[in-house]
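Coordinates as given in work.csv (CSV, C-alpha atoms):
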chain,number,residue,atom,x,y,z
A,24,MET,CA,-35.9,71.4,22.4
A,25,GLN,CA,-33.0,72.1,20.1
A,26,ALA,CA,-31.7,68.6,20.4
A,27,SER,CA,-35.1,67.3,19.6
A,28,LYS,CA,-35.2,69.3,16.4
A,29,ASN,CA,-31.8,68.2,15.3
A,30,THR,CA,-32.7,64.6,15.9
A,31,GLU,CA,-35.9,65.0,13.9
A,32,ASN,CA,-34.0,66.6,10.9
A,33,THR,CA,-31.3,63.9,11.0
A,34,ALA,CA,-33.8,61.1,11.0
A,35,LEU,CA,-35.5,62.6,8.0
A,36,ILE,CA,-32.5,63.4,5.9
A,37,THR,CA,-30.1,60.5,6.5
A,38,PRO,CA,-31.9,57.8,4.5
A,39,LEU,CA,-31.9,59.9,1.4
A,40,LYS,CA,-28.6,61.7,1.8
A,41,ASN,CA,-27.0,59.8,-1.1
A,42,ASP,CA,-30.1,59.7,-3.3
A,43,THR,CA,-28.9,61.8,-6.2
A,44,PHE,CA,-30.2,61.9,-9.8
A,45,GLN,CA,-28.8,63.1,-13.1
A,46,ILE,CA,-30.1,65.5,-15.6
A,47,GLY,CA,-27.8,65.5,-18.6
A,48,SER,CA,-24.3,66.1,-17.5
A,49,ARG,CA,-25.2,67.4,-14.1
A,50,THR,CA,-26.0,65.6,-10.8
A,51,PHE,CA,-28.4,66.9,-8.2
A,52,SER,CA,-29.5,66.0,-4.7
A,53,SER,CA,-32.7,68.0,-4.4
A,54,ARG,CA,-35.6,66.7,-6.4
A,55,LEU,CA,-37.6,69.9,-6.0
A,56,LEU,CA,-37.1,72.5,-8.7
A,57,VAL,CA,-38.6,75.9,-8.3
A,58,GLY,CA,-39.5,79.0,-10.4
A,59,THR,CA,-38.9,82.6,-9.7
A,60,GLY,CA,-42.0,84.4,-10.9
A,61,LYS,CA,-45.2,85.7,-9.1
A,62,TYR,CA,-43.5,86.6,-5.8
A,63,LYS,CA,-44.2,90.1,-4.3
A,64,ASP,CA,-40.6,91.1,-4.5
A,65,LEU,CA,-37.1,89.8,-5.0
A,66,GLN,CA,-36.4,89.5,-1.3
A,67,GLN,CA,-39.4,87.1,-0.9
A,68,THR,CA,-38.2,85.2,-4.0
A,69,GLY,CA,-34.8,84.6,-2.4
A,70,GLU,CA,-36.2,83.6,1.0
A,71,ALA,CA,-38.7,81.1,-0.5
A,72,ILE,CA,-36.2,79.5,-2.8
A,73,GLU,CA,-33.7,79.1,0.0
A,74,ALA,CA,-36.3,77.5,2.2
A,75,SER,CA,-37.2,75.0,-0.5
A,76,GLY,CA,-33.8,73.5,-0.6
A,77,ALA,CA,-33.9,73.5,-4.4
A,78,GLU,CA,-30.7,73.4,-6.4
A,79,ILE,CA,-32.3,74.1,-9.8
A,80,VAL,CA,-34.1,77.4,-10.2
A,81,THR,CA,-35.9,78.1,-13.4
A,82,VAL,CA,-36.0,81.6,-14.9
A,83,ALA,CA,-38.4,82.9,-17.7
A,84,ILE,CA,-35.9,84.7,-19.9
A,85,ARG,CA,-38.6,86.7,-21.7
A,86,ARG,CA,-40.0,88.1,-18.4
A,87,THR,CA,-37.1,88.2,-16.0
A,88,ASN,CA,-34.0,90.4,-16.0
A,89,ILE,CA,-30.8,88.4,-15.5
A,90,GLY,CA,-28.6,91.1,-17.0
A,91,GLN,CA,-30.2,92.0,-20.3
A,92,HIS,CA,-31.6,95.2,-18.8
A,93,ARG,CA,-28.9,96.9,-16.8
A,94,ASP,CA,-31.2,99.6,-15.4
A,95,GLN,CA,-33.5,97.1,-13.8
A,96,PRO,CA,-33.3,94.9,-10.7
A,97,ASN,CA,-31.4,91.7,-11.5
A,98,LEU,CA,-32.7,88.4,-10.3
A,99,LEU,CA,-29.2,87.0,-10.1
A,100,ASP,CA,-28.5,89.4,-7.2
A,101,VAL,CA,-30.7,87.2,-4.9
A,102,ILE,CA,-30.4,83.9,-6.9
A,103,SER,CA,-26.7,83.4,-7.3
A,104,PRO,CA,-25.4,81.2,-10.1
A,105,GLU,CA,-22.7,80.1,-7.8
A,106,LYS,CA,-25.2,78.6,-5.4
A,107,TYR,CA,-28.0,77.5,-7.8
A,108,THR,CA,-28.1,76.0,-11.2
A,109,ILE,CA,-30.0,78.6,-13.3
A,110,LEU,CA,-32.5,76.9,-15.6
A,111,PRO,CA,-33.5,79.3,-18.4
A,112,ASN,CA,-37.0,78.6,-19.7
A,113,THR,CA,-38.9,79.7,-22.8
A,114,ALA,CA,-42.2,80.6,-21.0
A,115,GLY,CA,-44.3,82.9,-23.2
A,116,CYS,CA,-43.1,81.3,-26.4
A,117,PHE,CA,-45.8,80.1,-28.8
A,118,ASP,CA,-43.7,78.8,-31.7
A,119,ALA,CA,-40.4,76.9,-32.2
A,120,ASP,CA,-38.4,79.7,-33.7
A,121,THR,CA,-39.1,82.1,-30.8
A,122,ALA,CA,-38.2,79.4,-28.2
A,123,ILE,CA,-35.0,78.6,-30.0
A,124,ARG,CA,-33.9,82.3,-30.1
A,125,THR,CA,-34.8,82.6,-26.4
A,126,CYS,CA,-32.5,79.7,-25.5
A,127,GLN,CA,-29.7,81.1,-27.6
A,128,LEU,CA,-30.1,84.5,-25.8
A,129,ALA,CA,-29.9,82.7,-22.4
A,130,ARG,CA,-26.8,80.9,-23.5
A,131,GLU,CA,-25.1,84.3,-24.3
A,132,LEU,CA,-26.3,85.9,-21.0
A,133,LEU,CA,-25.1,83.0,-18.9
A,134,ASP,CA,-21.7,82.5,-20.5
A,135,GLY,CA,-22.3,79.4,-22.5
A,136,HIS,CA,-24.8,77.7,-20.2
A,137,ASN,CA,-26.5,75.0,-22.2
A,138,LEU,CA,-29.1,73.5,-19.8
A,139,VAL,CA,-32.5,74.9,-20.7
A,140,LYS,CA,-36.2,74.2,-20.1
A,141,LEU,CA,-38.1,74.1,-23.4
A,142,GLU,CA,-41.7,75.3,-23.2
A,143,VAL,CA,-43.7,76.0,-26.4
A,144,LEU,CA,-47.3,76.9,-25.6
A,145,GLY,CA,-50.4,76.3,-27.7
A,146,ASP,CA,-52.7,79.1,-26.6
A,147,GLU,CA,-52.8,81.9,-24.1
A,148,GLN,CA,-56.0,80.7,-22.3
A,149,THR,CA,-54.9,77.2,-21.2
A,150,LEU,CA,-51.1,77.4,-21.7
A,151,TYR,CA,-51.3,73.8,-22.9
A,152,PRO,CA,-48.2,72.8,-24.7
A,153,ASN,CA,-48.0,72.8,-28.5
A,154,VAL,CA,-46.4,69.4,-29.0
A,155,THR,CA,-45.8,69.8,-32.7
A,156,GLU,CA,-43.7,73.0,-32.2
A,157,THR,CA,-42.1,71.4,-29.1
A,158,LEU,CA,-40.9,68.5,-31.1
A,159,ILE,CA,-39.4,70.8,-33.8
A,160,ALA,CA,-37.7,73.1,-31.3
A,161,ALA,CA,-36.4,70.2,-29.2
A,162,GLN,CA,-34.6,68.6,-32.1
A,163,LYS,CA,-33.0,71.9,-33.3
A,164,LEU,CA,-31.8,72.8,-29.8
A,165,ILE,CA,-30.3,69.3,-29.3
A,166,ASP,CA,-28.5,69.6,-32.6
A,167,ASP,CA,-27.2,73.0,-31.5
A,168,GLY,CA,-25.6,71.5,-28.4
A,169,PHE,CA,-28.3,72.3,-25.8
A,170,GLU,CA,-29.3,69.9,-23.0
A,171,VAL,CA,-33.1,70.1,-23.2
A,172,MET,CA,-35.5,69.6,-20.4
A,173,VAL,CA,-38.9,69.6,-22.1
A,174,TYR,CA,-42.3,70.6,-20.9
A,175,THR,CA,-45.0,68.5,-22.6
A,176,SER,CA,-48.4,67.0,-22.4
A,177,ASP,CA,-49.1,63.8,-20.5
A,178,ASP,CA,-49.3,61.8,-23.8
A,179,PRO,CA,-47.0,58.8,-23.3
A,180,ILE,CA,-46.3,58.6,-27.1
A,181,VAL,CA,-45.1,62.2,-27.3
A,182,ALA,CA,-43.1,61.8,-24.2
A,183,LYS,CA,-41.3,58.7,-25.5
A,184,GLU,CA,-40.5,60.5,-28.8
A,185,LEU,CA,-38.9,63.4,-26.9
A,186,ALA,CA,-36.9,61.0,-24.8
A,187,SER,CA,-35.8,59.1,-27.8
A,188,MET,CA,-34.5,62.1,-29.6
A,189,GLY,CA,-32.2,63.0,-26.7
A,190,CYS,CA,-34.0,65.4,-24.3
A,191,VAL,CA,-32.3,65.1,-20.9
A,192,ALA,CA,-35.6,65.3,-18.9
A,193,ILE,CA,-39.2,64.8,-19.7
A,194,MET,CA,-41.6,67.2,-17.9
A,195,PRO,CA,-45.2,66.3,-18.4
A,196,LEU,CA,-47.9,68.5,-16.8
A,197,GLY,CA,-49.9,67.4,-13.8
A,198,SER,CA,-52.6,69.8,-14.8
A,199,LEU,CA,-52.7,73.3,-16.4
A,200,ILE,CA,-50.0,75.8,-15.5
A,201,GLY,CA,-50.9,77.8,-12.5
A,202,SER,CA,-54.2,75.8,-11.9
A,203,GLY,CA,-53.2,74.1,-8.7
A,204,LEU,CA,-55.5,71.2,-9.6
A,205,GLY,CA,-52.9,68.6,-8.8
A,206,LEU,CA,-52.3,65.4,-10.8
A,207,LEU,CA,-55.3,64.8,-12.9
A,208,ASN,CA,-54.0,61.8,-14.8
A,209,PRO,CA,-51.7,59.8,-12.7
A,210,HIS,CA,-52.1,56.7,-14.9
A,211,ASN,CA,-50.6,58.4,-17.9
A,212,LEU,CA,-47.7,59.7,-15.7
A,213,SER,CA,-47.1,56.1,-14.6
A,214,ILE,CA,-46.9,55.0,-18.3
A,215,ILE,CA,-44.5,57.8,-19.1
A,216,ILE,CA,-42.3,56.8,-16.2
A,217,GLU,CA,-42.2,53.2,-17.3
A,218,ASN,CA,-41.5,54.1,-20.9
A,219,THR,CA,-38.6,56.3,-20.2
A,220,LYS,CA,-37.0,54.0,-17.5
A,221,ALA,CA,-35.1,52.0,-20.1
A,222,LEU,CA,-33.6,55.2,-21.6
A,223,ASN,CA,-32.6,56.4,-18.1
A,224,ILE,CA,-34.2,59.7,-18.7
A,225,PRO,CA,-35.7,61.4,-15.6
A,226,VAL,CA,-39.4,62.4,-15.5
A,227,LEU,CA,-40.4,65.5,-13.6
A,228,VAL,CA,-43.9,66.7,-13.1
A,229,ASP,CA,-44.2,70.3,-14.3
A,230,ALA,CA,-47.3,72.4,-13.7
A,231,GLY,CA,-50.5,72.0,-11.7
A,232,VAL,CA,-49.1,71.2,-8.3
A,233,GLY,CA,-51.2,73.0,-5.7
A,234,THR,CA,-50.1,71.7,-2.3
A,235,ALA,CA,-47.7,69.4,-0.6
A,236,SER,CA,-49.8,66.3,-1.0
A,237,ASP,CA,-49.7,66.7,-4.8
A,238,ALA,CA,-45.9,66.8,-4.7
A,239,ALA,CA,-45.8,63.7,-2.5
A,240,ILE,CA,-48.1,61.8,-4.8
A,241,ALA,CA,-45.9,62.6,-7.9
A,242,MET,CA,-42.9,61.2,-6.1
A,243,GLU,CA,-44.8,58.1,-4.9
A,244,LEU,CA,-45.6,57.4,-8.5
A,245,GLY,CA,-41.9,57.2,-9.2
A,246,CYS,CA,-41.3,60.7,-10.7
A,247,ASP,CA,-37.7,61.8,-10.3
A,248,GLY,CA,-38.7,65.3,-9.3
A,249,VAL,CA,-41.2,68.1,-9.4
A,250,LEU,CA,-41.0,71.6,-10.7
A,251,MET,CA,-43.3,74.2,-9.2
A,252,ASN,CA,-43.8,78.0,-8.9
A,253,SER,CA,-47.4,79.1,-8.3
A,254,ALA,CA,-48.0,76.6,-5.5
A,255,ILE,CA,-45.3,78.3,-3.4
A,256,ALA,CA,-45.5,81.9,-4.7
A,257,TYR,CA,-49.3,82.2,-4.4
A,258,ALA,CA,-49.4,80.6,-0.9
A,259,GLU,CA,-50.4,82.9,1.9
A,260,ASP,CA,-47.0,82.2,3.4
A,261,PRO,CA,-44.6,81.3,0.5
A,262,VAL,CA,-41.6,80.6,2.7
A,263,LEU,CA,-43.6,78.2,4.9
A,264,MET,CA,-45.0,76.5,1.8
A,265,ALA,CA,-41.5,76.2,0.4
A,266,HIS,CA,-40.6,74.3,3.6
A,267,ALA,CA,-43.7,72.1,3.2
A,268,MET,CA,-42.8,71.2,-0.4
A,269,LYS,CA,-39.3,70.3,0.5
A,270,HIS,CA,-40.5,67.8,3.1
A,271,ALA,CA,-43.3,66.5,0.8
A,272,ILE,CA,-40.7,65.7,-1.9
A,273,TRP,CA,-38.6,63.8,0.7
A,274,ALA,CA,-41.6,61.9,2.1
A,275,GLY,CA,-42.9,60.9,-1.4
A,276,ARG,CA,-39.5,59.8,-2.5
A,277,ALA,CA,-38.9,57.8,0.6
A,278,SER,CA,-42.3,56.2,0.3
A,279,HIS,CA,-41.6,55.2,-3.3
A,280,LEU,CA,-38.3,53.6,-2.3
A,281,ALA,CA,-39.8,51.9,0.7
A,282,GLY,CA,-42.5,50.2,-1.4
A,283,ARG,CA,-46.1,50.6,-0.4
A,284,MET,CA,-48.2,47.8,1.0
A,285,PRO,CA,-50.5,46.0,-1.4
A,286,LYS,CA,-54.1,47.3,-1.7
A,287,ARG,CA,-56.7,44.9,-0.5
A,288,LYS,CA,-60.5,44.8,-0.9
A,289,MET,CA,-61.0,43.3,2.6
A,290,ALA,CA,-59.7,44.2,6.0
A,291,LEU,CA,-56.5,42.5,7.2
A,292,PRO,CA,-56.0,42.8,11.0
A,293,SER,CA,-52.7,44.2,12.1
A,294,SER,CA,-52.7,41.9,15.1
A,295,PRO,CA,-53.2,38.1,15.1
A,296,GLN,CA,-56.7,36.8,15.9
A,297,THR,CA,-55.5,34.0,18.2
A,298,GLY,CA,-53.5,33.8,21.4
A,299,TYR,CA,-55.5,36.5,23.3
A,300,PHE,CA,-54.9,36.8,27.1
A,301,PHE,CA,-57.9,35.6,29.1
A,302,GLN,CA,-59.3,33.7,26.1
Take the structure in this file and express it as structure tokens.
Amino acid sequence: MQASKNTENTALITPLKNDTFQIGSRTFSSRLLVGTGKYKDLQQTGEAIEASGAEIVTVAIRRTNIGQHRDQPNLLDVISPEKYTILPNTAGCFDADTAIRTCQLARELLDGHNLVKLEVLGDEQTLYPNVTETLIAAQKLIDDGFEVMVYTSDDPIVAKELASMGCVAIMPLGSLIGSGLGLLNPHNLSIIIENTKALNIPVLVDAGVGTASDAAIAMELGCDGVLMNSAIAYAEDPVLMAHAMKHAIWAGRASHLAGRMPKRKMALPSSPQTGYFFQ
């Protein structure tokens, strides 16, 4: 039985073992990025993230202790910066100035770490991005030496502007944060992917993924990766869901690289219609 499992894992991993991608000055193998919120405790957080195979772990600086509160449990005790790339994010920020200050605090706490996820929200009910404030904050952070991965709407024009100004990753929503509704506008995502291809800027779906099939669809569209938190943390078994998401990312990426068959309106038999035995 053990030999069978090992064979299965090797067959799955080998075709993609050299399939890396770049975000700013850093290179990664895992195309699944995960968050750290909403788990029942830090132990479950660490177990689920390890099961996901993720290399990038995003942390909400305004909500999570990574050393700014010495008398509270520290997330970095279970998510080691030596093992993972910590991605500070500005979740909970509703204007450019607050987001910028949050990134600067993260840089101090993480000894000069300059890779950040910018997220400027428009309202508390939908958590939809405020693209005007996002554009302002992105430019100021880039000017200050940050490598900015930016959460944005699925508007191709806004996404192209953010890519052109120098953001190192464009992260359009699939649907509203925490909704689990999946990819509601795959056509717009395809346009964003096409527009940023010439700039060599990765596109990662951020928000709205609910299950493994959503992640696979994002990768089949040609996205470079997927960031998720709620889909894993709110699952009945977060660790098992983390495994599922890891395999969904692999499957979707392999499917994209393999190239799907053309869609047809009529049936096309998989076997020839002549040369039957006993004809």
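Across the model, the gap from CA of Cys246 (chain A) to CA of Glu156 (chain A) is 24.9 Å.
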Env of region 43-47 of chain A: 12 Å cut, atoms = only C-alpha atoms, seq-sep filter 5 positions within chain, self excluded. Answer as a ChimeraX atom specification.
/A:38,52-55,78-79,108,110,137-140,165,168-173,186,189-194,223-227,246-248,276
Compare A:Glu184, A:Glu105, A:Pro261, A:Met268 by their minimum atom-to-atom distance to Asp64 (chain A), counting all atoms listed in the file, and give me the closest one.
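Smallest separation from Asp64 (chain A) among the options: A:Pro261.
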Separation of CA of Leu250 (chain A) and CA of Gly58 (chain A), in Å?
7.6 Å
Using all atoms listed in the file, can you tell me which of A:Ile84, A:Ala239, A:Leu150, A:Leu204 comes closest to Leu132 (chain A)?
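Of A:Ile84, A:Ala239, A:Leu150, A:Leu204, the one nearest Leu132 (chain A) is A:Ile84, counting all atoms listed in the file.
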Which of these residues is nearest to Gly69 (chain A), using all atoms listed in the file: A:Asp229, A:Asp237, A:Asp42, A:Asp100?
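Nearest candidate to Gly69 (chain A) out of A:Asp229, A:Asp237, A:Asp42, A:Asp100: A:Asp100.
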Separation of CA of Lys183 (chain A) and CA of Ile216 (chain A), in Å?
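It comes out at 9.5 Å.
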Might you pull out every residue within 9 Å of Asn218 (chain A), with only C-alpha atoms counted and same-chain residues fewer than 5 positions away left off, and present them as a list of chain:residue names?
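What passes the distance filter is A:Pro179, A:Ala182, A:Lys183, A:Ser213.
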Between A:Gly203, A:Gly135, A:Pro209, A:Gly145, which one has atoms that come closest to Gly115 (chain A), using only C-alpha atoms?
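Of A:Gly203, A:Gly135, A:Pro209, A:Gly145, the one nearest Gly115 (chain A), counting only C-alpha atoms, is A:Gly145.
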What are the centre and edge lengths in Å, to one decimal, of the axis-aligned box around all listed atoms of region 129-133 of chain A with 3 Å added on each side, as AutoDock Vina command-line options?
--center_x -27.5 --center_y 83.4 --center_z -21.6 --size_x 10.8 --size_y 11.0 --size_z 11.4
Skipping near chain neighbours, those fewer than 5 positions away, what residues fall within 12 Å of Glu147 (chain A) using all atoms listed in the file, listed as a list in words?
Ala114, Gly115, Cys116, Phe117, Pro152, Asn153, Leu199 and Ile200 of chain A
Leaving out Thr125 (chain A) and any residue of its chain fewer than 5 positions from it, which residues lie within 9 Å of it when counting all atoms listed in the file, given as a PDB file with C-alpha atoms, keeping the file's coordinate frame?
ATOM      1  CA  ILE A  84     -35.900  84.700 -19.900  1.00  0.00           C
ATOM      2  CA  ARG A  85     -38.600  86.700 -21.700  1.00  0.00           C
ATOM      3  CA  PRO A 111     -33.500  79.300 -18.400  1.00  0.00           C
ATOM      4  CA  ASN A 112     -37.000  78.600 -19.700  1.00  0.00           C
ATOM      5  CA  THR A 113     -38.900  79.700 -22.800  1.00  0.00           C
ATOM      6  CA  CYS A 116     -43.100  81.300 -26.400  1.00  0.00           C
ATOM      7  CA  ASP A 120     -38.400  79.700 -33.700  1.00  0.00           C
ATOM      8  CA  ARG A 130     -26.800  80.900 -23.500  1.00  0.00           C
TER       9      ARG A 130
END
Please return, as a list of chain:residue names, all polymer residues that have at least one atom within 10 Å of the point (-34.0, 78.1, 0.0); use all atoms listed in the file and the file's own coordinate frame.
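Every residue inside that radius is included here: A:Val57, A:Thr68, A:Gly69, A:Glu70, A:Ala71, A:Ile72, A:Glu73, A:Ala74, A:Ser75, A:Gly76, A:Ala77, A:Glu78, A:Ile102, A:Tyr107, A:Val262, A:Ala265, A:His266, A:Lys269.
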Dump of C-alpha atoms for the selected residues, as a JSON list (two decimals), in the frame of the given file:
[["chain", "number", "residue", "atom", "x", "y", "z"],
["A", 57, "VAL", "CA", -38.60, 75.90, -8.30],
["A", 68, "THR", "CA", -38.20, 85.20, -4.00],
["A", 69, "GLY", "CA", -34.80, 84.60, -2.40],
["A", 70, "GLU", "CA", -36.20, 83.60, 1.00],
["A", 71, "ALA", "CA", -38.70, 81.10, -0.50],
["A", 72, "ILE", "CA", -36.20, 79.50, -2.80],
["A", 73, "GLU", "CA", -33.70, 79.10, 0.00],
["A", 74, "ALA", "CA", -36.30, 77.50, 2.20],
["A", 75, "SER", "CA", -37.20, 75.00, -0.50],
["A", 76, "GLY", "CA", -33.80, 73.50, -0.60],
["A", 77, "ALA", "CA", -33.90, 73.50, -4.40],
["A", 78, "GLU", "CA", -30.70, 73.40, -6.40],
["A", 102, "ILE", "CA", -30.40, 83.90, -6.90],
["A", 107, "TYR", "CA", -28.00, 77.50, -7.80],
["A", 262, "VAL", "CA", -41.60, 80.60, 2.70],
["A", 265, "ALA", "CA", -41.50, 76.20, 0.40],
["A", 266, "HIS", "CA", -40.60, 74.30, 3.60],
["A", 269, "LYS", "CA", -39.30, 70.30, 0.50]]
In the coordinate frame of the file, compute which residues have an atom within 7 Å of (-32.1, 82.8, -10.2) when using all atoms listed in the file, and state them as a PyMOL selection string.
chain A and resi 59+80-82+98-99+102-104+109
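Proximity ranking of A:Ala267, A:Leu158, A:Ala258, A:Ala277 relative to Gly245 (chain A) places A:Ala277 first, based on all atoms listed in the file.
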Excluding Ser176 (chain A) and its own-chain neighbours fewer than 2 positions away, which residues fall within 7 Å of it when counting only C-alpha atoms? Please give them as a ChimeraX atom specification.
/A:152,178,195-196
Please, could N, CA, C and O atoms be added to region 120-135 of chain A and the result written as a PDB file, in the frame of the given file?
ATOM      1  N   ASP A 120     -39.460  78.764 -33.358  1.00  0.00           N
ATOM      2  CA  ASP A 120     -38.400  79.700 -33.700  1.00  0.00           C
ATOM      3  C   ASP A 120     -38.159  80.685 -32.489  1.00  0.00           C
ATOM      4  O   ASP A 120     -37.007  80.983 -32.137  1.00  0.00           O
ATOM      5  N   THR A 121     -39.237  81.179 -31.890  1.00  0.00           N
ATOM      6  CA  THR A 121     -39.100  82.100 -30.800  1.00  0.00           C
ATOM      7  C   THR A 121     -38.445  81.388 -29.573  1.00  0.00           C
ATOM      8  O   THR A 121     -37.580  81.950 -28.881  1.00  0.00           O
ATOM      9  N   ALA A 122     -38.835  80.149 -29.328  1.00  0.00           N
ATOM     10  CA  ALA A 122     -38.200  79.400 -28.200  1.00  0.00           C
ATOM     11  C   ALA A 122     -36.757  79.150 -28.448  1.00  0.00           C
ATOM     12  O   ALA A 122     -35.953  79.265 -27.515  1.00  0.00           O
ATOM     13  N   ILE A 123     -36.383  78.837 -29.661  1.00  0.00           N
ATOM     14  CA  ILE A 123     -35.000  78.600 -30.000  1.00  0.00           C
ATOM     15  C   ILE A 123     -34.153  79.874 -29.773  1.00  0.00           C
ATOM     16  O   ILE A 123     -33.075  79.842 -29.164  1.00  0.00           O
ATOM     17  N   ARG A 124     -34.655  81.010 -30.256  1.00  0.00           N
ATOM     18  CA  ARG A 124     -33.900  82.300 -30.100  1.00  0.00           C
ATOM     19  C   ARG A 124     -33.801  82.636 -28.597  1.00  0.00           C
ATOM     20  O   ARG A 124     -32.772  83.156 -28.162  1.00  0.00           O
ATOM     21  N   THR A 125     -34.816  82.337 -27.814  1.00  0.00           N
ATOM     22  CA  THR A 125     -34.800  82.600 -26.400  1.00  0.00           C
ATOM     23  C   THR A 125     -33.686  81.787 -25.694  1.00  0.00           C
ATOM     24  O   THR A 125     -32.951  82.291 -24.838  1.00  0.00           O
ATOM     25  N   CYS A 126     -33.570  80.532 -26.063  1.00  0.00           N
ATOM     26  CA  CYS A 126     -32.500  79.700 -25.500  1.00  0.00           C
ATOM     27  C   CYS A 126     -31.131  80.174 -25.900  1.00  0.00           C
ATOM     28  O   CYS A 126     -30.188  80.150 -25.081  1.00  0.00           O
ATOM     29  N   GLN A 127     -30.997  80.620 -27.120  1.00  0.00           N
ATOM     30  CA  GLN A 127     -29.700  81.100 -27.600  1.00  0.00           C
ATOM     31  C   GLN A 127     -29.329  82.412 -26.837  1.00  0.00           C
ATOM     32  O   GLN A 127     -28.157  82.620 -26.491  1.00  0.00           O
ATOM     33  N   LEU A 128     -30.329  83.274 -26.559  1.00  0.00           N
ATOM     34  CA  LEU A 128     -30.100  84.500 -25.800  1.00  0.00           C
ATOM     35  C   LEU A 128     -29.624  84.111 -24.368  1.00  0.00           C
ATOM     36  O   LEU A 128     -28.674  84.695 -23.830  1.00  0.00           O
ATOM     37  N   ALA A 129     -30.282  83.133 -23.770  1.00  0.00           N
ATOM     38  CA  ALA A 129     -29.900  82.700 -22.400  1.00  0.00           C
ATOM     39  C   ALA A 129     -28.488  82.173 -22.385  1.00  0.00           C
ATOM     40  O   ALA A 129     -27.745  82.440 -21.429  1.00  0.00           O
ATOM     41  N   ARG A 130     -28.115  81.448 -23.406  1.00  0.00           N
ATOM     42  CA  ARG A 130     -26.800  80.900 -23.500  1.00  0.00           C
ATOM     43  C   ARG A 130     -25.723  82.041 -23.506  1.00  0.00           C
ATOM     44  O   ARG A 130     -24.664  81.953 -22.874  1.00  0.00           O
ATOM     45  N   GLU A 131     -26.047  83.117 -24.203  1.00  0.00           N
ATOM     46  CA  GLU A 131     -25.100  84.300 -24.300  1.00  0.00           C
ATOM     47  C   GLU A 131     -25.073  84.982 -22.907  1.00  0.00           C
ATOM     48  O   GLU A 131     -23.992  85.348 -22.441  1.00  0.00           O
ATOM     49  N   LEU A 132     -26.227  85.167 -22.276  1.00  0.00           N
ATOM     50  CA  LEU A 132     -26.300  85.900 -21.000  1.00  0.00           C
ATOM     51  C   LEU A 132     -25.594  85.119 -19.885  1.00  0.00           C
ATOM     52  O   LEU A 132     -25.049  85.716 -18.945  1.00  0.00           O
ATOM     53  N   LEU A 133     -25.622  83.791 -19.956  1.00  0.00           N
ATOM     54  CA  LEU A 133     -25.100  83.000 -18.900  1.00  0.00           C
ATOM     55  C   LEU A 133     -23.768  82.284 -19.282  1.00  0.00           C
ATOM     56  O   LEU A 133     -23.429  81.202 -18.807  1.00  0.00           O
ATOM     57  N   ASP A 134     -23.031  82.933 -20.168  1.00  0.00           N
ATOM     58  CA  ASP A 134     -21.700  82.500 -20.500  1.00  0.00           C
ATOM     59  C   ASP A 134     -21.560  81.076 -20.977  1.00  0.00           C
ATOM     60  O   ASP A 134     -20.751  80.278 -20.490  1.00  0.00           O
ATOM     61  N   GLY A 135     -22.408  80.700 -21.921  1.00  0.00           N
ATOM     62  CA  GLY A 135     -22.300  79.400 -22.500  1.00  0.00           C
ATOM     63  C   GLY A 135     -23.123  78.300 -21.858  1.00  0.00           C
ATOM     64  O   GLY A 135     -23.048  77.127 -22.250  1.00  0.00           O
TER      65      GLY A 135
END
